$ cat run09.txt   # compact mmCIF, C-alpha atoms
# COMPACT_ATOMS: atom_id res chain seq x y z
CA MET P 362 -25.23 -17.37 -14.06
CA THR P 363 -23.38 -16.09 -11.03
CA ARG P 364 -25.71 -14.49 -8.53
CA LEU P 365 -24.69 -11.02 -7.36
CA GLY P 366 -26.01 -9.30 -4.25
CA VAL P 367 -25.70 -5.52 -4.26
CA VAL P 368 -25.54 -3.70 -0.94
CA LEU P 369 -25.89 0.08 -0.88
CA SER P 370 -26.83 3.04 1.28
CA GLY P 371 -27.45 5.85 -1.20
CA ARG P 372 -28.12 6.50 -4.84
CA GLY P 373 -26.02 3.53 -5.92
CA SER P 374 -24.69 4.98 -9.15
CA ASN P 375 -22.13 2.21 -9.38
CA PHE P 376 -24.92 -0.32 -8.96
CA LEU P 377 -26.79 1.24 -11.89
CA ALA P 378 -23.66 1.08 -14.05
CA ILE P 379 -23.21 -2.60 -13.21
CA ALA P 380 -26.89 -3.33 -13.81
CA ALA P 381 -26.59 -1.79 -17.28
CA GLN P 382 -23.59 -3.98 -18.10
CA VAL P 383 -25.36 -7.07 -16.78
CA ARG P 384 -28.38 -6.26 -18.89
CA ALA P 385 -26.16 -5.71 -21.94
CA GLY P 386 -24.64 -9.15 -21.45
CA ALA P 387 -21.14 -7.77 -20.81
CA VAL P 388 -21.07 -9.13 -17.25
CA PRO P 389 -22.10 -12.82 -17.14
CA ALA P 390 -24.11 -12.60 -13.94
CA GLU P 391 -27.51 -11.74 -12.61
CA ILE P 392 -28.37 -9.33 -9.83
CA ALA P 393 -30.21 -11.59 -7.41
CA VAL P 394 -31.04 -8.92 -4.86
CA VAL P 395 -30.35 -5.29 -3.96
CA ILE P 396 -30.31 -4.56 -0.23
CA SER P 397 -30.08 -1.22 1.51
CA ASN P 398 -29.70 -0.39 5.17
CA ARG P 399 -31.67 2.76 4.45
CA ALA P 400 -35.27 2.37 3.32
CA ASP P 401 -35.14 5.74 1.56
CA ALA P 402 -32.01 5.00 -0.47
CA PRO P 403 -32.62 6.19 -4.05
CA GLY P 404 -30.71 3.12 -5.24
CA LEU P 405 -33.44 0.91 -3.85
CA ALA P 406 -36.14 2.75 -5.77
CA ALA P 407 -34.02 2.51 -8.91
CA ALA P 408 -33.62 -1.24 -8.38
CA ARG P 409 -37.40 -1.65 -8.19
CA GLU P 410 -37.80 0.43 -11.32
CA LEU P 411 -35.43 -2.01 -13.04
CA GLY P 412 -37.58 -4.92 -11.93
CA LEU P 413 -34.98 -6.25 -9.50
CA THR P 414 -35.66 -7.67 -6.06
CA ALA P 415 -35.04 -4.77 -3.69
CA ILE P 416 -35.05 -5.08 0.09
CA ALA P 417 -34.84 -2.44 2.79
CA LEU P 418 -33.15 -3.87 5.86
CA PRO P 419 -32.92 -0.98 8.32
CA SER P 420 -29.79 -0.93 10.42
CA LYS P 421 -30.92 1.73 12.85
CA GLY P 422 -30.60 0.64 16.47
CA LEU P 423 -28.81 -2.62 15.68
CA ASP P 424 -25.18 -3.23 16.51
CA ARG P 425 -22.89 -4.29 13.69
CA GLU P 426 -22.84 -8.00 14.52
CA ALA P 427 -26.62 -8.31 14.89
CA TYR P 428 -27.24 -6.35 11.70
CA ASP P 429 -24.68 -8.26 9.69
CA GLN P 430 -26.31 -11.55 10.66
CA GLN P 431 -29.57 -10.29 9.16
CA LEU P 432 -27.71 -9.12 6.07
CA ILE P 433 -25.96 -12.49 5.64
CA ALA P 434 -29.27 -14.28 6.02
CA ALA P 435 -30.98 -12.06 3.42
CA LEU P 436 -28.15 -12.50 0.92
CA ARG P 437 -28.09 -16.29 1.42
CA GLU P 438 -31.85 -16.49 1.09
CA HIS P 439 -31.39 -15.09 -2.42
CA GLY P 440 -28.55 -17.44 -3.28
CA VAL P 441 -25.97 -14.66 -3.49
CA GLU P 442 -22.46 -15.81 -4.42
CA TRP P 443 -20.70 -12.43 -4.80
CA VAL P 444 -21.41 -9.38 -2.67
CA ILE P 445 -21.04 -6.07 -4.49
CA LEU P 446 -20.80 -3.03 -2.23
CA ALA P 447 -21.95 0.11 -4.02
CA GLY P 448 -21.76 3.01 -1.62
CA TYR P 449 -22.52 1.01 1.50
CA MET P 450 -21.70 3.35 4.35
CA ARG P 451 -21.10 0.84 7.14
CA ILE P 452 -18.04 -1.18 8.10
CA LEU P 453 -18.60 -4.92 7.70
CA SER P 454 -18.05 -7.25 10.65
CA ALA P 455 -15.48 -10.03 10.64
CA ALA P 456 -18.35 -12.52 10.57
CA PHE P 457 -19.64 -10.99 7.34
CA ILE P 458 -16.19 -11.16 5.72
CA ARG P 459 -15.91 -14.81 6.73
CA ALA P 460 -19.37 -15.58 5.36
CA PHE P 461 -18.28 -14.64 1.81
CA PRO P 462 -14.55 -15.33 1.69
CA SER P 463 -12.86 -13.52 -1.24
CA ARG P 464 -16.30 -12.80 -2.68
CA ILE P 465 -16.94 -9.25 -1.46
CA LEU P 466 -15.99 -6.32 -3.69
CA ASN P 467 -15.94 -2.60 -3.06
CA ILE P 468 -14.98 0.47 -5.05
CA HIS P 469 -13.16 3.43 -3.55
CA PRO P 470 -12.66 6.83 -5.23
CA SER P 471 -8.86 7.05 -4.89
CA LEU P 472 -5.79 5.14 -5.93
CA LEU P 473 -5.47 3.06 -2.79
CA PRO P 474 -3.58 2.90 -0.48
CA ALA P 475 -3.69 6.70 -0.77
CA PHE P 476 -6.68 8.55 0.71
CA THR P 477 -8.69 5.94 2.55
CA GLY P 478 -11.93 6.80 4.27
CA LEU P 479 -14.52 9.44 3.57
CA ASP P 480 -14.30 12.15 0.92
CA ALA P 481 -11.31 10.58 -0.77
CA GLN P 482 -11.69 12.83 -3.82
CA HIS P 483 -11.54 15.95 -1.65
CA GLN P 484 -8.64 14.55 0.32
CA ALA P 485 -6.70 13.98 -2.90
CA PHE P 486 -7.59 17.39 -4.29
CA ASP P 487 -6.52 19.18 -1.11
CA TYR P 488 -3.30 17.16 -0.95
CA GLY P 489 -2.44 18.51 -4.38
CA VAL P 490 -1.88 15.27 -6.28
CA THR P 491 -1.88 15.63 -10.05
CA ILE P 492 -3.07 12.04 -10.54
CA THR P 493 -5.73 10.27 -8.55
CA GLY P 494 -8.35 7.72 -9.55
CA CYS P 495 -10.35 4.82 -8.21
CA THR P 496 -9.82 1.28 -6.99
CA VAL P 497 -11.89 -1.91 -7.06
CA HIS P 498 -10.76 -4.17 -4.23
CA PHE P 499 -11.70 -7.21 -2.25
CA VAL P 500 -13.04 -6.30 1.16
CA ASP P 501 -11.18 -7.46 4.23
CA GLU P 502 -11.56 -6.47 7.86
CA HIS P 503 -9.59 -3.24 7.48
CA LEU P 504 -10.95 -0.05 5.93
CA ASP P 505 -10.31 0.24 2.18
CA HIS P 506 -7.58 -2.32 2.45
CA GLY P 507 -8.15 -5.69 0.73
CA PRO P 508 -6.39 -7.01 -2.40
CA ILE P 509 -6.75 -4.74 -5.43
CA VAL P 510 -8.56 -6.01 -8.53
CA MET P 511 -8.31 -2.97 -10.78
CA GLN P 512 -7.46 0.73 -10.66
CA ALA P 513 -7.96 3.62 -13.03
CA ALA P 514 -5.96 6.85 -13.05
CA VAL P 515 -7.54 10.28 -13.46
CA GLU P 516 -5.48 13.42 -14.02
CA VAL P 517 -6.26 16.50 -12.02
CA ALA P 518 -6.74 19.41 -14.41
CA ALA P 519 -5.61 22.93 -13.58
CA SER P 520 -9.23 24.06 -13.88
CA ASP P 521 -10.60 21.32 -11.61
CA THR P 522 -12.50 21.78 -8.41
CA ALA P 523 -12.93 18.84 -6.09
CA GLU P 524 -16.42 18.48 -7.57
CA THR P 525 -15.41 18.34 -11.24
CA LEU P 526 -12.62 15.95 -10.29
CA SER P 527 -15.10 13.72 -8.45
CA ALA P 528 -17.34 13.65 -11.51
CA ARG P 529 -14.51 12.44 -13.74
CA ILE P 530 -13.47 9.82 -11.19
CA LEU P 531 -17.07 8.58 -11.10
CA VAL P 532 -16.99 7.92 -14.85
CA GLU P 533 -13.96 5.68 -14.30
CA GLU P 534 -15.60 4.00 -11.31
CA HIS P 535 -18.54 3.02 -13.48
CA ARG P 536 -16.18 1.60 -16.07
CA ILE P 537 -13.82 -0.44 -13.87
CA TYR P 538 -16.33 -1.87 -11.41
CA SER P 539 -18.20 -3.78 -14.13
CA GLU P 540 -14.94 -4.66 -15.84
CA SER P 541 -13.52 -6.05 -12.59
CA ILE P 542 -16.57 -8.25 -12.04
CA ARG P 543 -16.43 -9.43 -15.63
CA ARG P 544 -12.76 -10.37 -15.34
CA LEU P 545 -13.17 -12.13 -12.00
CA LEU P 546 -16.06 -14.19 -13.38
CA THR P 547 -14.47 -15.04 -16.71
CA THR P 548 -10.72 -15.36 -16.07
CA PRO P 549 -8.93 -17.72 -13.68
CA TRP P 550 -7.37 -15.72 -10.85
CA ARG P 551 -5.70 -16.21 -7.52
CA ILE P 552 -4.50 -14.05 -4.66
CA ASP P 553 -0.73 -14.20 -4.19
CA GLY P 554 0.24 -12.42 -0.99
CA ARG P 555 -2.08 -9.51 -1.49
CA ARG P 556 -1.69 -9.30 -5.28
CA VAL P 557 -4.61 -10.38 -7.43
CA VAL P 558 -3.07 -12.40 -10.25
CA PHE P 559 -5.11 -13.12 -13.37
CA GLU P 560 -3.88 -16.31 -15.01
CA THR P 561 -4.07 -15.07 -18.56
CA MET F 778 19.86 31.40 -17.00
CA THR F 779 18.66 29.88 -13.74
CA ARG F 780 21.46 28.11 -11.91
CA LEU F 781 20.67 24.55 -10.81
CA GLY F 782 22.62 22.64 -8.19
CA VAL F 783 22.29 18.86 -8.43
CA VAL F 784 22.80 16.77 -5.28
CA LEU F 785 23.11 13.01 -5.59
CA SER F 786 24.47 9.89 -3.90
CA GLY F 787 24.53 7.30 -6.68
CA ARG F 788 24.44 6.94 -10.42
CA GLY F 789 22.16 9.94 -10.80
CA SER F 790 20.17 8.74 -13.78
CA ASN F 791 17.64 11.50 -13.26
CA PHE F 792 20.49 14.01 -13.23
CA LEU F 793 21.67 12.69 -16.60
CA ALA F 794 18.19 12.99 -18.05
CA ILE F 795 17.93 16.59 -16.84
CA ALA F 796 21.42 17.40 -18.14
CA ALA F 797 20.38 16.13 -21.58
CA GLN F 798 17.29 18.36 -21.58
CA VAL F 799 19.32 21.35 -20.43
CA ARG F 800 21.83 20.71 -23.18
CA ALA F 801 19.01 20.39 -25.73
CA GLY F 802 17.66 23.76 -24.66
CA ALA F 803 14.37 22.30 -23.43
CA VAL F 804 15.06 23.40 -19.85
CA PRO F 805 16.09 27.07 -19.68
CA ALA F 806 18.74 26.65 -16.99
CA GLU F 807 22.34 25.69 -16.47
CA ILE F 808 23.74 23.09 -14.14
CA ALA F 809 26.07 25.18 -11.97
CA VAL F 810 27.40 22.32 -9.87
CA VAL F 811 26.88 18.64 -9.12
CA ILE F 812 27.62 17.62 -5.53
CA SER F 813 27.72 14.15 -4.04
CA ASN F 814 28.11 13.04 -0.45
CA ARG F 815 29.88 9.97 -1.82
CA ALA F 816 33.15 10.49 -3.65
CA ASP F 817 32.65 7.25 -5.60
CA ALA F 818 29.15 8.11 -6.86
CA PRO F 819 28.97 7.21 -10.56
CA GLY F 820 26.89 10.35 -11.09
CA LEU F 821 29.88 12.47 -10.13
CA ALA F 822 32.10 10.79 -12.72
CA ALA F 823 29.36 11.27 -15.30
CA ALA F 824 29.13 14.97 -14.43
CA ARG F 825 32.86 15.39 -15.00
CA GLU F 826 32.56 13.55 -18.30
CA LEU F 827 29.90 16.09 -19.30
CA GLY F 828 32.28 18.93 -18.44
CA LEU F 829 30.26 20.05 -15.42
CA THR F 830 31.65 21.22 -12.10
CA ALA F 831 31.51 18.12 -9.87
CA ILE F 832 32.32 18.15 -6.17
CA ALA F 833 32.66 15.31 -3.70
CA LEU F 834 31.67 16.47 -0.25
CA PRO F 835 31.92 13.40 1.99
CA SER F 836 29.28 13.17 4.68
CA LYS F 837 30.88 10.34 6.61
CA GLY F 838 31.34 11.13 10.29
CA LEU F 839 29.45 14.44 10.14
CA ASP F 840 26.07 14.94 11.76
CA ARG F 841 23.26 16.23 9.58
CA GLU F 842 23.41 19.85 10.68
CA ALA F 843 27.18 20.17 10.29
CA TYR F 844 27.11 18.47 6.90
CA ASP F 845 24.20 20.49 5.60
CA GLN F 846 26.03 23.73 6.46
CA GLN F 847 28.88 22.59 4.22
CA LEU F 848 26.41 21.66 1.51
CA ILE F 849 24.63 25.02 1.71
CA ALA F 850 27.98 26.83 1.52
CA ALA F 851 29.10 24.83 -1.53
CA LEU F 852 25.81 25.43 -3.34
CA ARG F 853 25.89 29.16 -2.56
CA GLU F 854 29.49 29.41 -3.66
CA HIS F 855 28.31 28.29 -7.10
CA GLY F 856 25.37 30.67 -7.16
CA VAL F 857 22.77 27.91 -7.03
CA GLU F 858 19.16 29.10 -7.12
CA TRP F 859 17.34 25.77 -7.38
CA VAL F 860 18.44 22.55 -5.68
CA ILE F 861 17.68 19.38 -7.63
CA LEU F 862 17.88 16.17 -5.61
CA ALA F 863 18.62 13.19 -7.82
CA GLY F 864 18.92 10.11 -5.69
CA TYR F 865 20.31 11.87 -2.64
CA MET F 866 20.09 9.31 0.13
CA ARG F 867 20.10 11.59 3.17
CA ILE F 868 17.33 13.51 4.90
CA LEU F 869 17.81 17.28 4.68
CA SER F 870 17.90 19.36 7.86
CA ALA F 871 15.41 22.11 8.60
CA ALA F 872 18.23 24.63 8.12
CA PHE F 873 18.81 23.36 4.58
CA ILE F 874 15.09 23.63 3.74
CA ARG F 875 15.07 27.19 5.06
CA ALA F 876 18.18 28.09 3.05
CA PHE F 877 16.34 27.43 -0.25
CA PRO F 878 12.68 28.08 0.48
CA SER F 879 10.40 26.49 -2.18
CA ARG F 880 13.47 25.93 -4.35
CA ILE F 881 14.33 22.29 -3.57
CA LEU F 882 12.91 19.53 -5.77
CA ASN F 883 12.96 15.77 -5.42
CA ILE F 884 11.59 12.85 -7.39
CA HIS F 885 10.10 9.77 -5.78
CA PRO F 886 9.22 6.50 -7.57
CA SER F 887 5.59 6.23 -6.46
CA LEU F 888 2.36 8.19 -6.68
CA LEU F 889 2.73 10.02 -3.39
CA PRO F 890 1.38 9.98 -0.73
CA ALA F 891 1.39 6.21 -1.33
CA PHE F 892 4.61 4.29 -0.66
CA THR F 893 6.99 6.76 0.91
CA GLY F 894 10.53 5.81 1.84
CA LEU F 895 12.90 3.25 0.41
CA ASP F 896 12.10 0.74 -2.32
CA ALA F 897 8.82 2.41 -3.22
CA GLN F 898 8.54 0.40 -6.44
CA HIS F 899 8.81 -2.89 -4.53
CA GLN F 900 6.40 -1.65 -1.90
CA ALA F 901 3.84 -0.85 -4.59
CA PHE F 902 4.39 -4.14 -6.40
CA ASP F 903 4.00 -6.18 -3.21
CA TYR F 904 0.90 -4.20 -2.22
CA GLY F 905 -0.68 -5.29 -5.48
CA VAL F 906 -1.60 -1.93 -6.96
CA THR F 907 -2.39 -1.99 -10.67
CA ILE F 908 -1.30 1.63 -11.12
CA THR F 909 1.74 3.27 -9.62
CA GLY F 910 4.10 5.92 -10.95
CA CYS F 911 6.37 8.72 -9.84
CA THR F 912 6.13 12.15 -8.27
CA VAL F 913 8.16 15.35 -8.53
CA HIS F 914 7.66 17.38 -5.37
CA PHE F 915 9.02 20.27 -3.39
CA VAL F 916 11.04 19.12 -0.43
CA ASP F 917 9.90 20.01 3.04
CA GLU F 918 11.02 18.75 6.43
CA HIS F 919 9.00 15.54 6.21
CA LEU F 920 9.96 12.50 4.18
CA ASP F 921 8.54 12.49 0.62
CA HIS F 922 5.95 14.99 1.67
CA GLY F 923 6.17 18.48 0.13
CA PRO F 924 3.80 20.02 -2.44
CA ILE F 925 3.50 18.00 -5.65
CA VAL F 926 4.63 19.52 -8.95
CA MET F 927 3.89 16.67 -11.32
CA GLN F 928 3.05 12.97 -11.31
CA ALA F 929 3.03 10.27 -13.95
CA ALA F 930 1.04 7.03 -13.79
CA VAL F 931 2.47 3.66 -14.78
CA GLU F 932 0.31 0.56 -15.14
CA VAL F 933 1.47 -2.67 -13.57
CA ALA F 934 1.42 -5.38 -16.23
CA ALA F 935 0.46 -8.97 -15.46
CA SER F 936 3.93 -10.03 -16.59
CA ASP F 937 5.76 -7.47 -14.45
CA THR F 938 8.29 -8.15 -11.77
CA ALA F 939 9.22 -5.39 -9.37
CA GLU F 940 12.32 -4.89 -11.51
CA THR F 941 10.57 -4.49 -14.88
CA LEU F 942 8.06 -2.21 -13.18
CA SER F 943 10.89 -0.09 -11.73
CA ALA F 944 12.44 0.23 -15.18
CA ARG F 945 9.21 1.58 -16.67
CA ILE F 946 8.75 3.99 -13.78
CA LEU F 947 12.30 5.25 -14.35
CA VAL F 948 11.43 6.20 -17.93
CA GLU F 949 8.60 8.36 -16.60
CA GLU F 950 10.85 9.82 -13.89
CA HIS F 951 13.28 10.97 -16.55
CA ARG F 952 10.44 12.58 -18.47
CA ILE F 953 8.60 14.41 -15.69
CA TYR F 954 11.58 15.67 -13.71
CA SER F 955 12.86 17.81 -16.61
CA GLU F 956 9.33 18.79 -17.53
CA SER F 957 8.62 19.91 -13.95
CA ILE F 958 11.75 22.09 -13.88
CA ARG F 959 10.87 23.54 -17.26
CA ARG F 960 7.35 24.42 -16.14
CA LEU F 961 8.45 25.93 -12.84
CA LEU F 962 11.01 28.11 -14.64
CA THR F 963 8.75 29.18 -17.50
CA THR F 964 5.23 29.44 -16.07
CA PRO F 965 3.99 31.58 -13.17
CA TRP F 966 3.06 29.38 -10.23
CA ARG F 967 2.13 29.60 -6.59
CA ILE F 968 1.54 27.22 -3.73
CA ASP F 969 -2.04 27.30 -2.46
CA GLY F 970 -2.34 25.28 0.74
CA ARG F 971 -0.22 22.42 -0.46
CA ARG F 972 -1.38 22.52 -4.08
CA VAL F 973 1.03 23.78 -6.72
CA VAL F 974 -1.06 25.97 -9.01
CA PHE F 975 0.29 26.96 -12.42
CA GLU F 976 -1.22 30.23 -13.52
CA THR F 977 -1.79 29.24 -17.14
$ encode --input "run09.txt" --output "structure tokens"
Amino acid sequence: MTRLGVVLSGRGSNFLAIAAQVRAGAVPAEIAVVISNRADAPGLAAARELGLTAIALPSKGLDREAYDQQLIAALREHGVEWVILAGYMRILSAAFIRAFPSRILNIHPSLLPAFTGLDAQHQAFDYGVTITGCTVHFVDEHLDHGPIVMQAAVEVAASDTAETLSARILVEEHRIYSESIRRLLTTPWRIDGRRVVFET
Amino acid sequence: MTRLGVVLSGRGSNFLAIAAQVRAGAVPAEIAVVISNRADAPGLAAARELGLTAIALPSKGLDREAYDQQLIAALREHGVEWVILAGYMRILSAAFIRAFPSRILNIHPSLLPAFTGLDAQHQAFDYGVTITGCTVHFVDEHLDHGPIVMQAAVEVAASDTAETLSARILVEEHRIYSESIRRLLTTPWRIDGRRVVFET
């Protein structure tokens, strides 16, 4: 079984969705460890409740490089092969990216490359798009930028607020993050330029 | 009947799709004139074939401001209320935008704000998105930037080339451009910030 390491900063709702799919046998992997840079992250408490190994690794006061070395060490100690970011609110260092080449995934609540950065759902709503969505992508050294694994579209309804829109995007996030991991673990794939090409 | 003025530079396939919907009575408007900056534009010949008023207004050698004054005059001469850009390959001047405030529409073959400018379908394909599409928007003084009226999503298939993808996007372009005009002419709307809000 492929060993996943989840890294989060908050409630980790995408982590919980993935954990449910792992438990159901839909994603052929195990969650080897859940790590948070914030000791009070609700996602960490939820991980413990699920009986998973959960580690608080506080980032406060450490620069990015020093912290990332600790994070790499903790992930390796638990035999992590794939790093799953689930609401991790720090930028990863180049050293971290190199430590897990093409094995770090993130999810972003917009159809990238539109609306990178914070509050993507609000950005999209205020811009007035009628279609937005979410994107699972490999992580590279640029913000919300690596090769795209899967996207889902969500229509903006006339009655939407940014909040109701965010809620519907979240449903799609929960669906495609697990599905992306499942496909990457079960289907041959390669990266061609910056396109993720599944061989079947 | 609302009088539409179509402006194009090439084959004008979106113009033909709109003309068909006008003829079918689905868009409550008439095409008052079709103008091209290129005398040899196939769209101009097609307009004549359809019995529409078709005018070649060559732009060669004229600067943008001088040309746009001619274009404004020709549109006004034909009583045009809404300007429909259908593959018009020039940037409009500020004076043109001001001459038809919130009455100029364009269609762009991506989910704006992603992939502005030329060859948007190829840009999206090469970027590796799994969802792209097209956007009908009001034209302002910035490239592919005004308030969005309607968008349609198109999934990128594993077997796609940029060309097959472009063909599927074009089908959606033909659908949403007419539908956008129909909605704008039949439903109360306003622009709130940069969001187009339909009142029903």
$ residues_around --input "run09.txt" --residues "Pro462 in chain P" --least-positions-apart "5" --cutoff "12 Å" --atoms "all atoms listed in the file" --output "list of chain:residue names"
P:Glu442, P:Trp443, P:Val444, P:Ala455, P:Ala456, P:Phe457, P:Phe499, P:Val500, P:Asp501, P:Glu502, P:Gly507, P:Ile552
$ closest_residue --input "run09.txt" --among "P:Val517, P:Ala523, P:Met511, P:Ala385" --to "chain F" --atoms "all atoms listed in the file"
P:Met511
$ closest_residue --input "run09.txt" --among "P:Ile468, P:Ala427, P:Ala406, P:Ile445" --to "His506 in chain P" --atoms "only C-alpha atoms"
P:Ile468
$ interface_residues --input "run09.txt" --of "chain P" --to "chain F" --cutoff "8 Å" --atoms "only C-alpha atoms" --output "MDAnalysis selection string"
chainID P and resid 472:475 487:492 508:514 519 554:559
$ atom_distance --input "run09.txt" --atom1 "CA of Ser957 in chain F" --atom2 "CA of Arg800 in chain F"
16.1 Å
$ atom_distance --input "run09.txt" --atom1 "CA of Arg960 in chain F" --atom2 "CA of Ala863 in chain F"
18.0 Å
$ atom_distance --input "run09.txt" --atom1 "CA of Ser813 in chain F" --atom2 "CA of Ala876 in chain F"
18.3 Å
$ residues_around --input "run09.txt" --residues "Ser870 in chain F" --least-positions-apart "4" --cutoff "8 Å" --atoms "only C-alpha atoms" --output "NGL selection string"
:F and (841-842 or 845 or 874 or 918)
$ residues_around --input "run09.txt" --residues "Ala417 in chain P" --least-positions-apart "4" --cutoff "7 Å" --atoms "only C-alpha atoms" --output "number ranges by chain"
P: 396-400
$ build_atoms --input "run09.txt" --residues "range 925-939 of chain F" --atoms "N, CA, C and O atoms" --output "mmCIF file, keeping the file's coordinate frame"
data_model
loop_
_atom_site.group_PDB
_atom_site.id
_atom_site.type_symbol
_atom_site.label_atom_id
_atom_site.label_comp_id
_atom_site.auth_asym_id
_atom_site.auth_seq_id
_atom_site.Cartn_x
_atom_site.Cartn_y
_atom_site.Cartn_z
ATOM 1 N N ILE F 925 3.241 18.796 -4.444
ATOM 2 C CA ILE F 925 3.500 18.000 -5.650
ATOM 3 C C ILE F 925 3.494 18.880 -6.896
ATOM 4 O O ILE F 925 2.558 19.642 -7.115
ATOM 5 N N VAL F 926 4.530 18.758 -7.701
ATOM 6 C CA VAL F 926 4.630 19.520 -8.950
ATOM 7 C C VAL F 926 4.027 18.737 -10.108
ATOM 8 O O VAL F 926 3.273 19.260 -10.924
ATOM 9 N N MET F 927 4.354 17.475 -10.195
ATOM 10 C CA MET F 927 3.890 16.670 -11.320
ATOM 11 C C MET F 927 3.959 15.189 -10.950
ATOM 12 O O MET F 927 4.833 14.786 -10.194
ATOM 13 N N GLN F 928 3.028 14.415 -11.496
ATOM 14 C CA GLN F 928 3.050 12.970 -11.310
ATOM 15 C C GLN F 928 2.841 12.294 -12.648
ATOM 16 O O GLN F 928 2.267 12.876 -13.564
ATOM 17 N N ALA F 929 3.304 11.076 -12.769
ATOM 18 C CA ALA F 929 3.030 10.270 -13.950
ATOM 19 C C ALA F 929 2.582 8.892 -13.478
ATOM 20 O O ALA F 929 3.136 8.346 -12.525
ATOM 21 N N ALA F 930 1.569 8.343 -14.144
ATOM 22 C CA ALA F 930 1.040 7.030 -13.790
ATOM 23 C C ALA F 930 1.677 5.953 -14.654
ATOM 24 O O ALA F 930 1.935 6.174 -15.841
ATOM 25 N N VAL F 931 1.934 4.807 -14.064
ATOM 26 C CA VAL F 931 2.470 3.660 -14.780
ATOM 27 C C VAL F 931 1.629 2.450 -14.411
ATOM 28 O O VAL F 931 1.448 2.159 -13.229
ATOM 29 N N GLU F 932 1.113 1.754 -15.413
ATOM 30 C CA GLU F 932 0.310 0.560 -15.140
ATOM 31 C C GLU F 932 1.198 -0.636 -14.825
ATOM 32 O O GLU F 932 2.233 -0.830 -15.457
ATOM 33 N N VAL F 933 0.780 -1.421 -13.868
ATOM 34 C CA VAL F 933 1.470 -2.670 -13.570
ATOM 35 C C VAL F 933 0.931 -3.727 -14.523
ATOM 36 O O VAL F 933 -0.278 -3.942 -14.583
ATOM 37 N N ALA F 934 1.839 -4.343 -15.289
ATOM 38 C CA ALA F 934 1.420 -5.380 -16.230
ATOM 39 C C ALA F 934 1.398 -6.737 -15.532
ATOM 40 O O ALA F 934 2.107 -6.954 -14.541
ATOM 41 N N ALA F 935 0.564 -7.635 -16.057
ATOM 42 C CA ALA F 935 0.460 -8.970 -15.460
ATOM 43 C C ALA F 935 1.815 -9.673 -15.468
ATOM 44 O O ALA F 935 2.119 -10.466 -14.587
ATOM 45 N N SER F 936 2.633 -9.359 -16.460
ATOM 46 C CA SER F 936 3.930 -10.030 -16.590
ATOM 47 C C SER F 936 5.039 -9.329 -15.812
ATOM 48 O O SER F 936 6.179 -9.780 -15.824
ATOM 49 N N ASP F 937 4.715 -8.239 -15.138
ATOM 50 C CA ASP F 937 5.760 -7.470 -14.450
ATOM 51 C C ASP F 937 6.374 -8.208 -13.278
ATOM 52 O O ASP F 937 5.697 -8.947 -12.563
ATOM 53 N N THR F 938 7.661 -7.948 -13.070
ATOM 54 C CA THR F 938 8.290 -8.150 -11.770
ATOM 55 C C THR F 938 8.502 -6.758 -11.185
ATOM 56 O O THR F 938 8.320 -5.757 -11.888
ATOM 57 N N ALA F 939 8.928 -6.698 -9.950
ATOM 58 C CA ALA F 939 9.220 -5.390 -9.370
ATOM 59 C C ALA F 939 10.309 -4.687 -10.183
ATOM 60 O O ALA F 939 10.300 -3.456 -10.316
#
